[in-house]
Amino acid sequence: MTHVLDPDALPGATPTVHAPLPPYDDVTRSDAAFRSFLHGLPGVDQVGAEARAAQLGTRSIKTTSKAWAIDTAISMVDLTTLEGADTPGKVRSLAAKAKQPDPSDPTTPRVAAVCVYGDLAGVAKDALEGTGIHVAAVATAFPSGRASRAVKIADVRDAVENGADEIDMVIDRGAFLTGRYLDVYEEIVAVKEACSRTDGGAPAHLKVILETGELKTLDNVRRASWIAMLAGGDFIKTSTGKVTPAATLPVGLVMLEAVRDFRIATGRQIGFKPAGGIKTTKDAVKHLVMINETVGADWLDPDWFRFGASSLLNDLLQQRQKLRTGHYSGPDHVTVD
Amino acid sequence: MIGNDRLAVRKTYKLYLNGAFPRSESGRTYEVTDAKGHFRGNVAWASRKDARDAVVAARGAFAKWSGATAYNRGQVLYRVAEVMEGRHVQFCDEVAHAEGLSTSKARAAVDAAIDRWVWYAGWTDKLAAVLGGSNPVAGPYFDFSTPEPSGVVAVLAPQQSSLLGLVSVLAPVLATGNTAVVVTSRERPIPAVTLAEVLATSDVPGGVVNLLTGNAEELGPWLAEHADVDGIDLTGAPAGRAMEFEREAAGTIKRVVRPPATEPDWTADPGLTRMTPFLETKTVWHPMGV
């Protein structure tokens with residue numbers, strides 16, 4: 001359903017929806033109220049955010065700190081394959097890698113999750129049975145999100161039935177950029193409901209992808225973050241990985257500040273997942289530094305922070321081999337995918 | 001009108017890495033003097049991380065360079081010789097200062113270096129015929145052997161011969177389709193920096209050659225141990241360290257060219273001896289058909 005901003009509309013003309021946590025339980029009472037709340041959020045100083053992110057990127061993390069950072073980062077990776085050419089065999093080999101990232105060193109930690117398309121979630125679930133590694137599935141007409149709500153909900157239910165522990169949804173950027181914020185909100189609420197299981201098991205965790213590369217401004221990133229958190233998302237995630245720019249540090253900083261402010265106001269902790277464009281250990285360490293100095297060590301845990309990545313893991317493993325052996329490793333010493 | 005009071009435009013000698021001319025990531029430089037001890041310039045002093053980046057660049061460039069046709073590779077290398085010829089006067093001046101040679105001897109060294117480059121350029125499309133071929137087999141199939149490049153080759157360039165020696169070790173690596181990470185002569189690096197400028201403007205894809213000015217004693221172990229380097233030429237290794245570098249290279253079964261006891265006469269005909277070490281023979285069977 002489409003909400004058109006109409007200053008003459010009666011307050012009761014918009015439907016009642018799931019109310020957010022206090023003290024924000026009244027901000028979604030109408031399109032106008034939600035809009036004025038989101039536009040009332042403090043503006044983002046873009047130059048300041050970029051400067052702060054650049055400064056955080058200059059921290060020197062060496063020797064034992066680096067070893068800790070590499071192992072922590074590996075344990076936070078959502079090992080991802082989201083290609084049209086994905087096969088059950090590829091997902092199984094990815095699962096094998098998730099279980100033992102570096103066969104030459106059994107002390108290497110496992111990754112947090114394997115992220116696949118919803119139809120392959122069952123394959124991943126079987127391959128990861130009993131390991132504690134989660135299966136994340138992208139849904140809601142990923143990556144564009146251009147489908148009717150009924151189709152998106154069906155997509156989510158299908159992935160959940162296939163055994164996904166986590167659902168990565170995309171927001172409706174079209175609705176967001178048109179200013180139909182309440183539509184975006186309601187859709188997230190509906191997807192969250194679809195994450196529950198019919199057998200009464202724990203509902204799938206919901207990660208909300210903002211696709212920040214399409215939101216254009218950091219102000220929009222902050223607003224979209226708030227919409228996702230108010231609607232009950234468990235994680236906010238930067239990007240699909242199909243659009244550039246993806247997970248840049250300034251965007252991450254703005255999203256982390258939103259996460260921090262939300263916990264201070266409501267007491268509820270939301271996770272953060274940068275995805276797309278994080279390819280090197282150096283990028284990963286910069287993100288860990290940013291987490292620690294923006295929201296604090298509470299988030300330095302796979303339950304609250306993830307890297308959405310595919311090639312990052314190989315670079316982390318090569319750096320780990322470098323620390324272990326004392327000489328530089330190469331791509332011949334890790335798996336191809 | 002330009003008078004004598006014109007401000008001097010001093011040159012910053014930088015590294016050649018992935019087709020660009022960056023400073024060392026370490027920020028270090030060192031002073032280079034001519035053979036008489038007069039100051040010639042501050043040159044970038046490459047660190048192990050520059051060497052690491054150079055290997056990444058060389059690995060990235062390998063697919064394109066080794067995948068180019070032998071004919072095309074020869075054309076590109078000949079183009080390098082053409083551009084070197086255009087810089088003849090500059091090379092003569094720099095070689096004369098670096099090696100303390102007379103003008104005529106410096107010119108002879110530069111001529112020989114350019115001729116050497118042309119000679120190697122001509123070899124690219126002849127190697128397969130000379131080093132490979134059809135093997136006689138007692139069966140109903142063909143059997144061919146062809147030479148293939150090893151991959152990324154680290155080259156510790158000669159310490160004495162600043163241009164002819166450098167060309168003599170670099171050109172064979174490129175002609176055979178490998179990509180190179182070169183550590184130049186420490187005391188005489190300026191002709192190598194000029195060669196980098198030649199390479200950057202003569203159709204050699206970025207990353208195929210990476211020139212690091214600095215100390216082979218410092219960078220040698222990192223390159224010898226690096227798991228993504230497929231071969232190492234130890235010609236310019238510091239006295240007494242070559243055996244140690246070779247031992248380190250054995251950890252990842254690299255191809256190694258041992259240094260001669262003293263620096264050889266680079267004007268001598270090199271033959272194939274510098275091209276064969278970084279080639280691997282691929283042999284395939286092929287059915288004859290009915």
# chains A, B, ... in the order shown; residues from 1 in each chain; ligands from 1

$ closest_atom_pairs --of "chain B" --to "chain A" --cutoff "10 Å" --atoms "only C-alpha atoms" --output "CSV"
residue,atom,partner,partner_atom,distance
B:Arg52,CA,A:Tyr328,CA,7.6
B:Val55,CA,A:Gly330,CA,9.5
B:Val56,CA,A:Gly330,CA,8.8
B:Arg59,CA,A:Gly330,CA,9.6
B:Pro221,CA,A:His327,CA,9.0
B:Trp222,CA,A:His327,CA,6.7
B:Leu223,CA,A:Tyr328,CA,8.5
B:Ala224,CA,A:His327,CA,9.2
B:Glu225,CA,A:His327,CA,5.8
B:His226,CA,A:Tyr328,CA,4.8
B:Ala227,CA,A:Ser329,CA,4.7
B:Asp228,CA,A:Gly330,CA,4.5
B:Val229,CA,A:Gly330,CA,8.3
B:Glu248,CA,A:His327,CA,9.9
B:Thr252,CA,A:Ser329,CA,9.9

$ residues_around --residues "Thr12 in chain B" --least-positions-apart "6" --cutoff "8 Å" --atoms "only C-alpha atoms" --output "ChimeraX atom specification"
/B:41-43

$ write_last_selection --atoms "C-alpha atoms" --output "PDB file, in the first residue's frame"
ATOM      1  CA  GLY B  41      70.286  12.777  -5.985  1.00  0.00           C
ATOM      2  CA  ASN B  42      68.071  11.373  -3.252  1.00  0.00           C
ATOM      3  CA  VAL B  43      66.633   8.042  -4.300  1.00  0.00           C
TER       4      VAL B  43
END

$ residues_around --residues "range 62-65 of chain A" --least-positions-apart "4" --cutoff "12 Å" --atoms "only C-alpha atoms" --output "tab-separated table (two decimals) with N, CA and C atoms, in the first residue's frame"
chain	number	residue	atom	x	y	z
A	69	ALA	N	43.38	-9.42	15.91
A	69	ALA	CA	42.43	-8.80	14.97
A	69	ALA	C	42.12	-9.76	13.81
A	70	ILE	N	43.13	-10.45	13.31
A	70	ILE	CA	42.90	-11.37	12.18
A	70	ILE	C	41.99	-12.51	12.61
A	71	ASP	N	42.28	-13.10	13.79
A	71	ASP	CA	41.44	-14.22	14.23
A	71	ASP	C	40.01	-13.75	14.53
A	72	THR	N	39.89	-12.57	15.14
A	72	THR	CA	38.57	-12.03	15.42
A	72	THR	C	37.81	-11.79	14.13
A	73	ALA	N	38.51	-11.21	13.15
A	73	ALA	CA	37.86	-10.90	11.87
A	73	ALA	C	37.40	-12.20	11.18
A	282	LYS	N	43.68	-5.17	5.93
A	282	LYS	CA	43.79	-3.78	6.39
A	282	LYS	C	42.39	-3.15	6.51
A	285	VAL	N	40.65	-4.59	9.57
A	285	VAL	CA	41.17	-4.07	10.84
A	285	VAL	C	40.66	-2.65	11.07
A	288	LEU	N	37.34	-2.94	12.55
A	288	LEU	CA	37.37	-3.33	13.97
A	288	LEU	C	37.73	-2.13	14.85
A	289	VAL	N	38.69	-1.33	14.37
A	289	VAL	CA	39.08	-0.12	15.12
A	289	VAL	C	37.87	0.81	15.24
A	319	GLN	N	47.42	-13.41	5.51
A	319	GLN	CA	48.08	-12.61	6.54
A	319	GLN	C	48.37	-13.47	7.77
A	320	ARG	N	47.45	-14.38	8.06
A	320	ARG	CA	47.64	-15.26	9.20
A	320	ARG	C	48.84	-16.17	8.96
A	322	LYS	N	51.32	-15.45	7.06
A	322	LYS	CA	52.52	-14.61	7.14
A	322	LYS	C	52.98	-14.47	8.59
A	323	LEU	N	52.02	-14.27	9.51
A	323	LEU	CA	52.40	-14.12	10.92
A	323	LEU	C	52.97	-15.43	11.47
A	324	ARG	N	52.42	-16.55	10.99
A	324	ARG	CA	52.84	-17.85	11.52
A	324	ARG	C	54.22	-18.24	10.99
A	326	GLY	N	56.41	-16.20	9.09
A	326	GLY	CA	57.42	-15.16	8.99
A	326	GLY	C	57.71	-14.74	7.57

$ residues_around --residues "Arg306 in chain A" --least-positions-apart "2" --cutoff "12 Å" --atoms "only C-alpha atoms" --output "tab-separated table (two decimals) with N, CA and C atoms, in the first residue's frame"
chain	number	residue	atom	x	y	z
A	72	THR	N	39.89	-12.57	15.14
A	72	THR	CA	38.57	-12.03	15.42
A	72	THR	C	37.81	-11.79	14.13
A	73	ALA	N	38.51	-11.21	13.15
A	73	ALA	CA	37.86	-10.90	11.87
A	73	ALA	C	37.40	-12.20	11.18
A	74	ILE	N	38.24	-13.24	11.22
A	74	ILE	CA	37.84	-14.51	10.58
A	74	ILE	C	36.56	-15.04	11.22
A	75	SER	N	36.49	-14.93	12.55
A	75	SER	CA	35.32	-15.47	13.25
A	75	SER	C	34.07	-14.64	13.00
A	76	MET	N	34.24	-13.48	12.37
A	76	MET	CA	33.09	-12.60	12.10
A	76	MET	C	32.68	-12.61	10.63
A	77	VAL	N	33.33	-13.43	9.83
A	77	VAL	CA	33.04	-13.40	8.39
A	77	VAL	C	31.74	-14.15	8.08
A	78	ASP	N	30.88	-13.51	7.29
A	78	ASP	CA	29.77	-14.21	6.66
A	78	ASP	C	30.28	-14.60	5.27
A	79	LEU	N	30.72	-15.83	5.14
A	79	LEU	CA	31.31	-16.28	3.88
A	79	LEU	C	30.20	-16.35	2.83
A	80	THR	N	30.37	-15.57	1.77
A	80	THR	CA	29.24	-15.30	0.89
A	80	THR	C	29.46	-15.79	-0.52
A	111	VAL	N	34.40	-19.47	10.53
A	111	VAL	CA	33.69	-18.24	10.23
A	111	VAL	C	32.34	-18.26	10.94
A	112	ALA	N	31.62	-17.12	10.92
A	112	ALA	CA	30.36	-17.01	11.66
A	112	ALA	C	29.21	-17.66	10.90
A	113	ALA	N	29.18	-17.45	9.59
A	113	ALA	CA	28.01	-17.92	8.83
A	113	ALA	C	28.38	-18.08	7.36
A	114	VAL	N	27.52	-18.81	6.67
A	114	VAL	CA	27.63	-18.91	5.22
A	114	VAL	C	26.40	-18.22	4.65
A	115	CYS	N	26.60	-17.34	3.68
A	115	CYS	CA	25.50	-16.55	3.14
A	115	CYS	C	25.24	-16.92	1.69
A	134	HIS	N	26.19	-20.51	11.29
A	134	HIS	CA	24.84	-20.17	10.85
A	134	HIS	C	24.71	-20.18	9.34
A	136	ALA	N	22.95	-17.98	6.50
A	136	ALA	CA	22.25	-16.74	6.20
A	136	ALA	C	21.76	-16.83	4.76
A	207	LYS	N	18.57	-9.29	9.12
A	207	LYS	CA	19.54	-8.23	8.78
A	207	LYS	C	18.91	-7.37	7.69
A	235	PHE	N	20.00	-6.64	12.75
A	235	PHE	CA	21.26	-6.11	12.23
A	235	PHE	C	20.92	-5.04	11.21
A	236	ILE	N	21.77	-4.03	11.07
A	236	ILE	CA	21.69	-3.20	9.88
A	236	ILE	C	22.95	-3.46	9.07
A	237	LYS	N	22.76	-3.57	7.76
A	237	LYS	CA	23.84	-4.00	6.86
A	237	LYS	C	23.96	-2.97	5.75
A	238	THR	N	25.21	-2.67	5.36
A	238	THR	CA	25.41	-1.56	4.43
A	238	THR	C	24.86	-1.85	3.04
A	270	ILE	N	21.63	-3.35	18.53
A	270	ILE	CA	21.47	-3.77	17.14
A	270	ILE	C	22.85	-4.10	16.59
A	271	GLY	N	22.93	-5.13	15.77
A	271	GLY	CA	24.21	-5.49	15.16
A	271	GLY	C	24.49	-4.70	13.90
A	272	PHE	N	25.74	-4.78	13.45
A	272	PHE	CA	26.14	-4.03	12.25
A	272	PHE	C	26.93	-4.96	11.33
A	273	LYS	N	26.60	-4.90	10.04
A	273	LYS	CA	27.32	-5.74	9.07
A	273	LYS	C	27.69	-4.93	7.83
A	274	PRO	N	28.96	-4.56	7.70
A	274	PRO	CA	29.41	-3.97	6.44
A	274	PRO	C	29.60	-5.08	5.41
A	275	ALA	N	29.22	-4.84	4.19
A	275	ALA	CA	29.34	-5.86	3.15
A	275	ALA	C	29.66	-5.19	1.83
A	276	GLY	N	30.53	-5.84	1.08
A	276	GLY	CA	30.86	-5.32	-0.25
A	276	GLY	C	32.07	-4.42	-0.22
A	278	ILE	N	35.01	-4.89	1.03
A	278	ILE	CA	36.03	-5.13	2.05
A	278	ILE	C	36.84	-6.33	1.59
A	284	ALA	N	39.60	-4.72	6.98
A	284	ALA	CA	38.89	-5.37	8.09
A	284	ALA	C	39.34	-4.79	9.43
A	287	HIS	N	37.83	-1.52	10.19
A	287	HIS	CA	36.46	-1.64	10.69
A	287	HIS	C	36.44	-2.03	12.17
A	288	LEU	N	37.34	-2.94	12.55
A	288	LEU	CA	37.37	-3.33	13.97
A	288	LEU	C	37.73	-2.13	14.85
A	291	ILE	N	34.69	0.08	15.11
A	291	ILE	CA	33.73	-0.48	16.06
A	291	ILE	C	34.14	-0.13	17.49
A	299	TRP	N	30.42	-4.65	20.90
A	299	TRP	CA	30.07	-5.08	19.53
A	299	TRP	C	31.14	-5.96	18.89
A	300	LEU	N	32.29	-6.12	19.58
A	300	LEU	CA	33.37	-6.91	18.98
A	300	LEU	C	33.09	-8.40	19.19
A	301	ASP	N	32.00	-8.86	18.60
A	301	ASP	CA	31.56	-10.23	18.81
A	301	ASP	C	30.76	-10.63	17.57
A	302	PRO	N	30.92	-11.87	17.12
A	302	PRO	CA	30.17	-12.28	15.91
A	302	PRO	C	28.66	-12.14	16.05
A	303	ASP	N	28.14	-12.08	17.30
A	303	ASP	CA	26.70	-11.89	17.46
A	303	ASP	C	26.26	-10.48	17.10
A	304	TRP	N	27.23	-9.54	17.11
A	304	TRP	CA	26.88	-8.13	16.91
A	304	TRP	C	27.60	-7.49	15.75
A	308	GLY	N	30.41	-9.05	5.60
A	308	GLY	CA	29.88	-9.76	4.44
A	308	GLY	C	30.96	-9.77	3.39
A	309	ALA	N	31.52	-10.94	3.10
A	309	ALA	CA	32.69	-10.94	2.23
A	309	ALA	C	32.91	-12.30	1.60

$ residues_around --residues "Val204 in chain B" --least-positions-apart "2" --cutoff "12 Å" --atoms "only C-alpha atoms" --output "PyMOL selection string"
chain B and resi 18-19+61-62+64-65+68+72-81+83+174-175+177+179-180+195-202+206-210

$ select_by_dssp --residues "range 121-230 of chain A" --states "alpha helix (DSSP H)" --output "ChimeraX atom specification"
/A:121-127,149-161,173-178,181-194,218-230

$ write_last_selection --atoms "C-alpha atoms" --output "PDB file, in the first residue's frame"
ATOM      1  CA  ALA A 121      19.887 -22.459   2.142  1.00  0.00           C
ATOM      2  CA  GLY A 122      18.856 -26.104   2.582  1.00  0.00           C
ATOM      3  CA  VAL A 123      22.086 -27.329   0.983  1.00  0.00           C
ATOM      4  CA  ALA A 124      24.117 -25.077   3.254  1.00  0.00           C
ATOM      5  CA  LYS A 125      22.073 -26.168   6.300  1.00  0.00           C
ATOM      6  CA  ASP A 126      22.777 -29.842   5.630  1.00  0.00           C
ATOM      7  CA  ALA A 127      26.464 -29.223   5.013  1.00  0.00           C
ATOM      8  CA  ARG A 149       5.359  -7.318  -1.019  1.00  0.00           C
ATOM      9  CA  ALA A 150       3.581 -10.657  -1.330  1.00  0.00           C
ATOM     10  CA  VAL A 151       6.419 -12.031  -3.445  1.00  0.00           C
ATOM     11  CA  LYS A 152       9.020 -10.712  -0.997  1.00  0.00           C
ATOM     12  CA  ILE A 153       7.250 -12.288   1.971  1.00  0.00           C
ATOM     13  CA  ALA A 154       6.984 -15.590   0.103  1.00  0.00           C
ATOM     14  CA  ASP A 155      10.714 -15.359  -0.660  1.00  0.00           C
ATOM     15  CA  VAL A 156      11.459 -14.912   3.050  1.00  0.00           C
ATOM     16  CA  ARG A 157       9.172 -17.748   4.173  1.00  0.00           C
ATOM     17  CA  ASP A 158      10.768 -20.055   1.621  1.00  0.00           C
ATOM     18  CA  ALA A 159      14.275 -19.269   2.881  1.00  0.00           C
ATOM     19  CA  VAL A 160      13.201 -19.724   6.505  1.00  0.00           C
ATOM     20  CA  GLU A 161      11.570 -23.077   5.690  1.00  0.00           C
ATOM     21  CA  ARG A 173      15.034   2.067  -1.984  1.00  0.00           C
ATOM     22  CA  GLY A 174      12.481   3.318  -4.465  1.00  0.00           C
ATOM     23  CA  ALA A 175       9.987   3.951  -1.667  1.00  0.00           C
ATOM     24  CA  PHE A 176      12.690   5.454   0.538  1.00  0.00           C
ATOM     25  CA  LEU A 177      13.898   7.904  -2.102  1.00  0.00           C
ATOM     26  CA  THR A 178      10.305   8.882  -2.916  1.00  0.00           C
ATOM     27  CA  TYR A 181       9.206   6.094   4.750  1.00  0.00           C
ATOM     28  CA  LEU A 182       6.264   4.393   6.383  1.00  0.00           C
ATOM     29  CA  ASP A 183       6.081   1.955   3.468  1.00  0.00           C
ATOM     30  CA  VAL A 184       9.710   1.027   4.012  1.00  0.00           C
ATOM     31  CA  TYR A 185       9.024   0.616   7.725  1.00  0.00           C
ATOM     32  CA  GLU A 186       5.928  -1.527   7.274  1.00  0.00           C
ATOM     33  CA  GLU A 187       7.706  -3.786   4.850  1.00  0.00           C
ATOM     34  CA  ILE A 188      10.505  -4.474   7.326  1.00  0.00           C
ATOM     35  CA  VAL A 189       7.906  -5.204  10.025  1.00  0.00           C
ATOM     36  CA  ALA A 190       6.149  -7.626   7.677  1.00  0.00           C
ATOM     37  CA  VAL A 191       9.405  -9.379   6.791  1.00  0.00           C
ATOM     38  CA  LYS A 192      10.287  -9.618  10.477  1.00  0.00           C
ATOM     39  CA  GLU A 193       6.978 -11.395  11.088  1.00  0.00           C
ATOM     40  CA  ALA A 194       7.714 -13.754   8.192  1.00  0.00           C
ATOM     41  CA  LEU A 218      24.891  10.271   4.688  1.00  0.00           C
ATOM     42  CA  ASP A 219      21.723  11.945   6.021  1.00  0.00           C
ATOM     43  CA  ASN A 220      19.748   9.329   4.121  1.00  0.00           C
ATOM     44  CA  VAL A 221      21.966   6.592   5.562  1.00  0.00           C
ATOM     45  CA  ARG A 222      21.170   7.804   9.076  1.00  0.00           C
ATOM     46  CA  ARG A 223      17.424   7.933   8.352  1.00  0.00           C
ATOM     47  CA  ALA A 224      17.376   4.487   6.765  1.00  0.00           C
ATOM     48  CA  SER A 225      19.314   3.093   9.724  1.00  0.00           C
ATOM     49  CA  TRP A 226      16.694   4.450  12.111  1.00  0.00           C
ATOM     50  CA  ILE A 227      13.830   3.072  10.043  1.00  0.00           C
ATOM     51  CA  ALA A 228      15.427  -0.399  10.081  1.00  0.00           C
ATOM     52  CA  MET A 229      16.102  -0.310  13.826  1.00  0.00           C
ATOM     53  CA  LEU A 230      12.650   1.008  14.731  1.00  0.00           C
TER      54      LEU A 230
END
